[in-house]
Amino acid sequence: MKSERVAAIVGVAESDLGETPGKTVLQLQAQAAKAALEDAGLTKDDVDAVFTAGNWAWSPTMMLAEYLGIRPRFTDGTNIGGSSFEAHVGHAAAGIRAGLFEVALVTYGSTQRSDRSRRRPPASPQLTAQYELPYGLPTPVGAYALAAMRHMHQYGTTSEQLAEIAVATRKWAMLNEKAMMREPITIEDVLRSRWIAEPLHLLDCCLVTDGGGAVVIASARKAPLAAKPPVWVLGHGETHTHNTIVNMPDLTVTGARESGRRAFEMAGVTHDELDVVEIYDSFTITVLLTLEALGFCEPGEGGAFVSGQRTAPGGDFPMNTNGGGLSYCHPGMYGIFLLIEAVRQLRGECGPRQVPGARLALVHGTGGVLSSTATVILGRD
Amino acid sequence: MPNPWPKPEVDGDSRPFWEGLNQGELRIQRCEDCERHIFYPRSICPHCFSDRVRWVLASGRGRIYSYTVVHRAQGPFAEEAPYVVAIVELEEGVRMMSRIVGPREEVAVEKPVRVVFTRVDDELILPFFEVLKEG
Ligand SMILES: [Zn+2]
C-alpha cells in the first residue's frame with residue numbers, strides 16, 4: 001500500500017432503525033451523531049465540518065448544524081442519492097488534505113417508512129423529468145428493472161443468479177441482531193415472490209425502513225486522540241454518468257468503472273488484497289452490475305461470480321456483511337450504513353458475522369437510477 | 001377517477017416536441033455542426049456544445065433497447081398495471097422512454113418498433129410504440 005494516511009474514520013453509529021414512529025429526521029441524526037462522537041471519544045465542539053444529504057430541508061446542512069449547535073468552517077450538502085455519503089468521505093478527506101478542517105461529521109436520517117413517503121410522480125413534471133414521468137415507470141425500481149432486462153438479454157444472466165445475491169445477503173442478516181429481516185430464504189422463495197417490475201421480484205428489492213447514521217472523520221493529527229484505532233481513508237473516487245435512466249450510456253455498465261478505478265489507484269491496492277466489500281444493494285441487479293464495473297469480474301460474468309453462495313458467510317467473497325439494504329435496513333439513501341459496517345469489520349467489532357482478520361475494505365455507493373457512484377477504500381494499520 | 005396522466009410542464013425547450021405530437025409528428029433535434037441527433041430537446045448540443053440545434057422530424061421507427069413489465073405502479077398509474085415501459089432507440093440514434101402497446105408476447109429486447117400517437121386523455125397525446133410485424 002502506497003497511500004498516505006491523511007484522514008481516518010474514527011467514529012460510527014446508527015440511530016434507531018426499522019420503524020421509528022414519532023421520530024423526526026433531525027432526532028434520528030442527532031441520536032446517531034451523538035453516538036458516533038462518543039464512539040470516537042470526541043465532542044461536538046471538535047467538529048469543524050458538516051456533511052449531510054436529504055430533501056427534508058431547503059438547506060439540510062444549515063438546518064442540521066443549527067439543530068446540533070455546530071458552526072462549521074466547512075459545509076457540504078452534496079446530494080447525489082444513495083452514494084452521497086461515500087462522496088462525503090472523499091470530500092472530507094480532500095478538505096483535510098487541504099488543511100481546511102480537522103474533524104468532519106457526516107450524517108443521514110430518514111423516516112420514510114413511518115411517513116410512507118415513497119416518491120410519487122408530481123402533478124406536472126418539470127424540466128427534463130417531463131420526457132419520462134408521463135410513461136409511468138415506477139421510480140426507482142422500474143429503472144433497475146430496465147437495466148436487469150438488458151443485462152439478461154446481452155449476457156444470458158438469470159433470475160436465479162440475481163436471487164443468489166438476495167439469499168446470501170439474508171444469511172448475513174441472520175447474524176446481525178439489528179437486521180430487520182432475519183428469516184432464511186431460498187432462491188425458490190425469491191423467484192416465487194411477486195413481480196414488482198419484470199424481471200425484478202419483491203425479494204430482489206431493498207427494504208423500506210426508517211433510520212439514521214453518522215460517521216466522524218478526523219485528520220491524521222486528530223485521529224490519535226480518538227478512542228479507537230483509526231480506519232484510514234486510503235482511496236476514493238466518484239462520478240455521475242446520467243440523471244434519468246434513458247440517458248444512461250450503457251444500461252449494463254455503471255460509473256463504478258470510473259469511480260472504482262480512481263479509488264483503487266489512489267489507494268494503491270489490488271482487488272485480491274481486499275478482505276471485505278460493502279456494495280450498495282438497492283436491488284440485486286445493482287450489486288451484479290457494480291461487481292462487474294468495479295472489475296471483480298468481466299462484463300457479463302457477474303451472474304457466474306455470485307453463484308454458489310460465494311458472497312454468503314463462509315464464502316470466499318464476504319459481501320454486505322450487515323445484511324445489506326436487502327435485509328438489514330434501507331431508509332431511502334443507504335450509503336452511510338455501508339461505511340458504518342466496513343469500519344466495524346475493520347475494527348473487529350462484528351461478533352458472529354466478523355470477517356476474521358479484516359484489514360482492507362471496499363465501500364461502494366450507488367445513487368439515483370444507477371446515476372451516481374462513489375467508491376471508498378478503507379484500511380486499518 | 002381523476003385524470004391519471006401527469007401533464008408535462010411545457011417550457012422553452014419542450015414546446016415544439018409536445019406541439020408536434022398534437023400534429024402527428026415525432027420531433028427531435030439535430031446539431032448543425034456535428035450532425036448528431038439529440039433527444040430530449042435542449043438549447044445546446046451535448047456532444048459538441050454547439051448552439052446551432054434545429055428541429056427535425058424523426059422517422060418514428062426504432063428498436064427496443066430494454067423494457068420492463070410494470071406490475072406494481074405508483075401514484076396515478078396504480079390502476080393500470082401491468083403495462084410495458086421501454087427505452088426505445090430511434091433509427092436516428094437517440095433513445096426515449098415510451099410504452100409498448102399491443103400483444104405482450106411480441107415484446108422483446110431488440111424488436112423493431114414504430115411510433116403510435118396515442119391520445120391518453122383530452123389534453124395529452126404521447127408517442128407510444130408497437131412492435132413491427134416481421135416481413
Ligand atoms: Zn453537436
# chains A, B, ... in the order shown; residues from 1 in each chain; ligands from 1

$ residues_near_ligand --ligand "ligand 1" --cutoff "8 Å" --atoms "only C-alpha atoms and all ligand atoms" --output "count of residues only"
17

$ interface_residues --of "chain A" --to "chain B" --cutoff "8 Å" --atoms "only C-alpha atoms" --output "ChimeraX atom specification"
/A:120-128,130-138,142,145-147,149-150,153,195-199,246-247

$ select_by_dssp --residues "chain B" --states "helix (DSSP H, G or I)" --output "NGL selection string"
:B and (15-22 or 75-77 or 104-106)

$ residues_around --residues "Ala49 in chain A" --least-positions-apart "6" --cutoff "6 Å" --atoms "only C-alpha atoms" --output "PyMOL selection string"
chain A and resi 72-75+104

$ residues_around --residues "Leu132 in chain B" --least-positions-apart "5" --cutoff "10 Å" --atoms "only C-alpha atoms" --output "VMD selection string"
chain B and resid 61 to 63 106 111 to 115

$ atom_distance --atom1 "CA of Thr375 in chain A" --atom2 "CA of Val190 in chain A"
28.6 Å

$ residues_around --residues "Ala87 in chain A" --least-positions-apart "3" --cutoff "9 Å" --atoms "only C-alpha atoms" --output "VMD selection string"
chain A and resid 78 80 83 to 84 90 to 92 236 to 238 365 373 to 376

$ write_last_selection --atoms "all heavy atoms" --output "short mmCIF file (atom, residue, chain, number, x, y, z; two decimals), in the first residue's frame"
data_model
loop_
_atom_site.label_atom_id
_atom_site.label_comp_id
_atom_site.auth_asym_id
_atom_site.auth_seq_id
_atom_site.Cartn_x
_atom_site.Cartn_y
_atom_site.Cartn_z
N THR A 78 -23.75 18.01 -0.62
CA THR A 78 -23.82 17.26 -1.88
C THR A 78 -24.85 16.15 -1.80
O THR A 78 -24.78 15.29 -0.92
CB THR A 78 -22.44 16.64 -2.20
OG1 THR A 78 -21.49 17.69 -2.33
CG2 THR A 78 -22.51 15.83 -3.49
N ILE A 80 -26.21 13.29 -4.21
CA ILE A 80 -26.22 12.51 -5.45
C ILE A 80 -26.89 11.17 -5.18
O ILE A 80 -26.54 10.15 -5.72
CB ILE A 80 -24.80 12.34 -6.04
CG1 ILE A 80 -23.82 11.81 -5.00
CG2 ILE A 80 -24.30 13.67 -6.61
CD1 ILE A 80 -22.45 11.42 -5.58
N SER A 83 -25.35 7.31 -2.88
CA SER A 83 -23.89 7.31 -2.79
C SER A 83 -23.33 8.60 -2.21
O SER A 83 -22.11 8.76 -2.13
CB SER A 83 -23.29 7.10 -4.19
OG SER A 83 -23.69 8.18 -5.03
N SER A 84 -24.21 9.50 -1.78
CA SER A 84 -23.76 10.80 -1.29
C SER A 84 -22.71 10.67 -0.18
O SER A 84 -21.77 11.46 -0.12
CB SER A 84 -24.95 11.59 -0.74
OG SER A 84 -25.89 11.85 -1.75
N GLY A 90 -15.00 11.15 0.64
CA GLY A 90 -13.96 11.61 -0.28
C GLY A 90 -13.73 13.11 -0.16
O GLY A 90 -12.58 13.58 -0.12
N HIS A 91 -14.83 13.86 -0.08
CA HIS A 91 -14.71 15.31 0.03
C HIS A 91 -14.05 15.69 1.37
O HIS A 91 -13.24 16.62 1.43
CB HIS A 91 -16.08 15.99 -0.07
CG HIS A 91 -16.79 15.73 -1.35
ND1 HIS A 91 -18.02 16.26 -1.66
CD2 HIS A 91 -16.45 14.98 -2.44
CE1 HIS A 91 -18.41 15.86 -2.86
NE2 HIS A 91 -17.47 15.07 -3.34
N ALA A 92 -14.41 14.97 2.42
CA ALA A 92 -13.83 15.27 3.73
C ALA A 92 -12.32 14.99 3.72
O ALA A 92 -11.53 15.77 4.25
CB ALA A 92 -14.52 14.44 4.82
N HIS A 236 -10.44 7.18 -2.82
CA HIS A 236 -11.85 7.46 -3.13
C HIS A 236 -11.97 7.93 -4.57
O HIS A 236 -11.02 8.43 -5.17
CB HIS A 236 -12.44 8.49 -2.18
CG HIS A 236 -11.70 9.80 -2.13
ND1 HIS A 236 -11.95 10.83 -3.02
CD2 HIS A 236 -10.70 10.22 -1.33
CE1 HIS A 236 -11.13 11.83 -2.73
NE2 HIS A 236 -10.36 11.50 -1.73
N GLY A 237 -13.16 7.73 -5.11
CA GLY A 237 -13.46 8.20 -6.46
C GLY A 237 -14.96 8.36 -6.59
O GLY A 237 -15.73 7.70 -5.87
N GLU A 238 -15.40 9.26 -7.46
CA GLU A 238 -16.83 9.46 -7.64
C GLU A 238 -17.11 9.89 -9.07
O GLU A 238 -16.22 10.39 -9.77
CB GLU A 238 -17.36 10.53 -6.67
CG GLU A 238 -16.83 11.93 -6.96
CD GLU A 238 -17.23 12.94 -5.88
OE1 GLU A 238 -16.94 12.68 -4.70
OE2 GLU A 238 -17.81 13.97 -6.23
N GLY A 365 -20.99 3.09 -3.08
CA GLY A 365 -22.35 3.59 -3.11
C GLY A 365 -22.83 3.83 -4.53
O GLY A 365 -22.05 4.17 -5.42
N THR A 373 -22.05 7.14 -8.68
CA THR A 373 -21.33 6.13 -7.91
C THR A 373 -20.22 6.82 -7.14
O THR A 373 -19.68 7.84 -7.59
CB THR A 373 -20.70 5.03 -8.80
OG1 THR A 373 -19.71 5.63 -9.64
CG2 THR A 373 -21.75 4.33 -9.64
N ALA A 374 -19.91 6.28 -5.98
CA ALA A 374 -18.76 6.76 -5.22
C ALA A 374 -18.15 5.57 -4.50
O ALA A 374 -18.87 4.76 -3.92
CB ALA A 374 -19.17 7.85 -4.23
N THR A 375 -16.85 5.45 -4.61
CA THR A 375 -16.12 4.30 -4.08
C THR A 375 -15.11 4.79 -3.05
O THR A 375 -14.43 5.80 -3.27
CB THR A 375 -15.36 3.58 -5.21
OG1 THR A 375 -16.21 3.42 -6.34
CG2 THR A 375 -14.84 2.23 -4.75
N VAL A 376 -15.04 4.08 -1.92
CA VAL A 376 -14.07 4.42 -0.88
C VAL A 376 -13.33 3.14 -0.50
O VAL A 376 -13.96 2.08 -0.34
CB VAL A 376 -14.77 5.01 0.37
CG1 VAL A 376 -13.77 5.26 1.49
CG2 VAL A 376 -15.50 6.30 0.02
#

$ select_by_dssp --residues "range 113-326 of chain A" --states "strand (DSSP E or B)" --output "number ranges by chain"
A: 195-197, 200-201, 205, 210-219, 231-240, 276-279, 283, 319

$ atom_distance --atom1 "CA of Ala163 in chain A" --atom2 "CA of Tyr108 in chain A"
29.0 Å

$ residues_around --residues "range 55-70 of chain A" --least-positions-apart "4" --cutoff "12 Å" --atoms "only C-alpha atoms" --output "number ranges by chain"
A: 24-34, 43-51, 74-81, 104-112, 117, 119, 332-333

$ write_last_selection --atoms "C-alpha atoms" --output "PDB file, in the first residue's frame"
ATOM      1  CA  THR A  24     -38.110  13.197  13.141  1.00  0.00           C
ATOM      2  CA  VAL A  25     -35.206  13.110  10.718  1.00  0.00           C
ATOM      3  CA  LEU A  26     -33.409  15.605  12.964  1.00  0.00           C
ATOM      4  CA  GLN A  27     -33.870  13.421  16.051  1.00  0.00           C
ATOM      5  CA  LEU A  28     -32.507  10.369  14.247  1.00  0.00           C
ATOM      6  CA  GLN A  29     -29.465  12.297  13.035  1.00  0.00           C
ATOM      7  CA  ALA A  30     -28.839  13.835  16.465  1.00  0.00           C
ATOM      8  CA  GLN A  31     -29.030  10.384  18.067  1.00  0.00           C
ATOM      9  CA  ALA A  32     -26.591   8.931  15.529  1.00  0.00           C
ATOM     10  CA  ALA A  33     -24.253  11.955  15.700  1.00  0.00           C
ATOM     11  CA  LYS A  34     -24.058  11.807  19.494  1.00  0.00           C
ATOM     12  CA  THR A  43     -17.114  16.064  21.337  1.00  0.00           C
ATOM     13  CA  LYS A  44     -19.443  18.222  19.323  1.00  0.00           C
ATOM     14  CA  ASP A  45     -17.019  21.110  19.780  1.00  0.00           C
ATOM     15  CA  ASP A  46     -14.293  19.178  17.939  1.00  0.00           C
ATOM     16  CA  VAL A  47     -16.440  19.142  14.795  1.00  0.00           C
ATOM     17  CA  ASP A  48     -15.496  21.848  12.305  1.00  0.00           C
ATOM     18  CA  ALA A  49     -17.058  20.421   9.107  1.00  0.00           C
ATOM     19  CA  VAL A  50     -20.580  19.095   8.477  1.00  0.00           C
ATOM     20  CA  PHE A  51     -21.887  16.924   5.672  1.00  0.00           C
ATOM     21  CA  PHE A  74     -16.707  23.835   6.018  1.00  0.00           C
ATOM     22  CA  THR A  75     -20.121  22.673   4.828  1.00  0.00           C
ATOM     23  CA  ASP A  76     -21.124  20.223   2.097  1.00  0.00           C
ATOM     24  CA  GLY A  77     -24.683  19.188   1.267  1.00  0.00           C
ATOM     25  CA  THR A  78     -23.819  17.264  -1.882  1.00  0.00           C
ATOM     26  CA  ASN A  79     -26.821  15.107  -2.752  1.00  0.00           C
ATOM     27  CA  ILE A  80     -26.223  12.514  -5.451  1.00  0.00           C
ATOM     28  CA  GLY A  81     -28.624   9.991  -3.936  1.00  0.00           C
ATOM     29  CA  ALA A 104     -15.911  16.157   9.868  1.00  0.00           C
ATOM     30  CA  LEU A 105     -19.336  14.886  10.871  1.00  0.00           C
ATOM     31  CA  VAL A 106     -21.368  13.095   8.190  1.00  0.00           C
ATOM     32  CA  THR A 107     -24.996  12.281   8.988  1.00  0.00           C
ATOM     33  CA  TYR A 108     -28.120  10.894   7.390  1.00  0.00           C
ATOM     34  CA  GLY A 109     -31.664  10.349   8.588  1.00  0.00           C
ATOM     35  CA  SER A 110     -34.970   9.277   7.083  1.00  0.00           C
ATOM     36  CA  THR A 111     -38.444   8.500   8.357  1.00  0.00           C
ATOM     37  CA  GLN A 112     -39.718   7.228   5.029  1.00  0.00           C
ATOM     38  CA  SER A 117     -43.328   8.929   1.771  1.00  0.00           C
ATOM     39  CA  ARG A 119     -41.917   9.337  -4.095  1.00  0.00           C
ATOM     40  CA  GLY A 332     -34.091   5.781   1.259  1.00  0.00           C
ATOM     41  CA  MET A 333     -30.410   6.595   0.914  1.00  0.00           C
TER      42      MET A 333
END
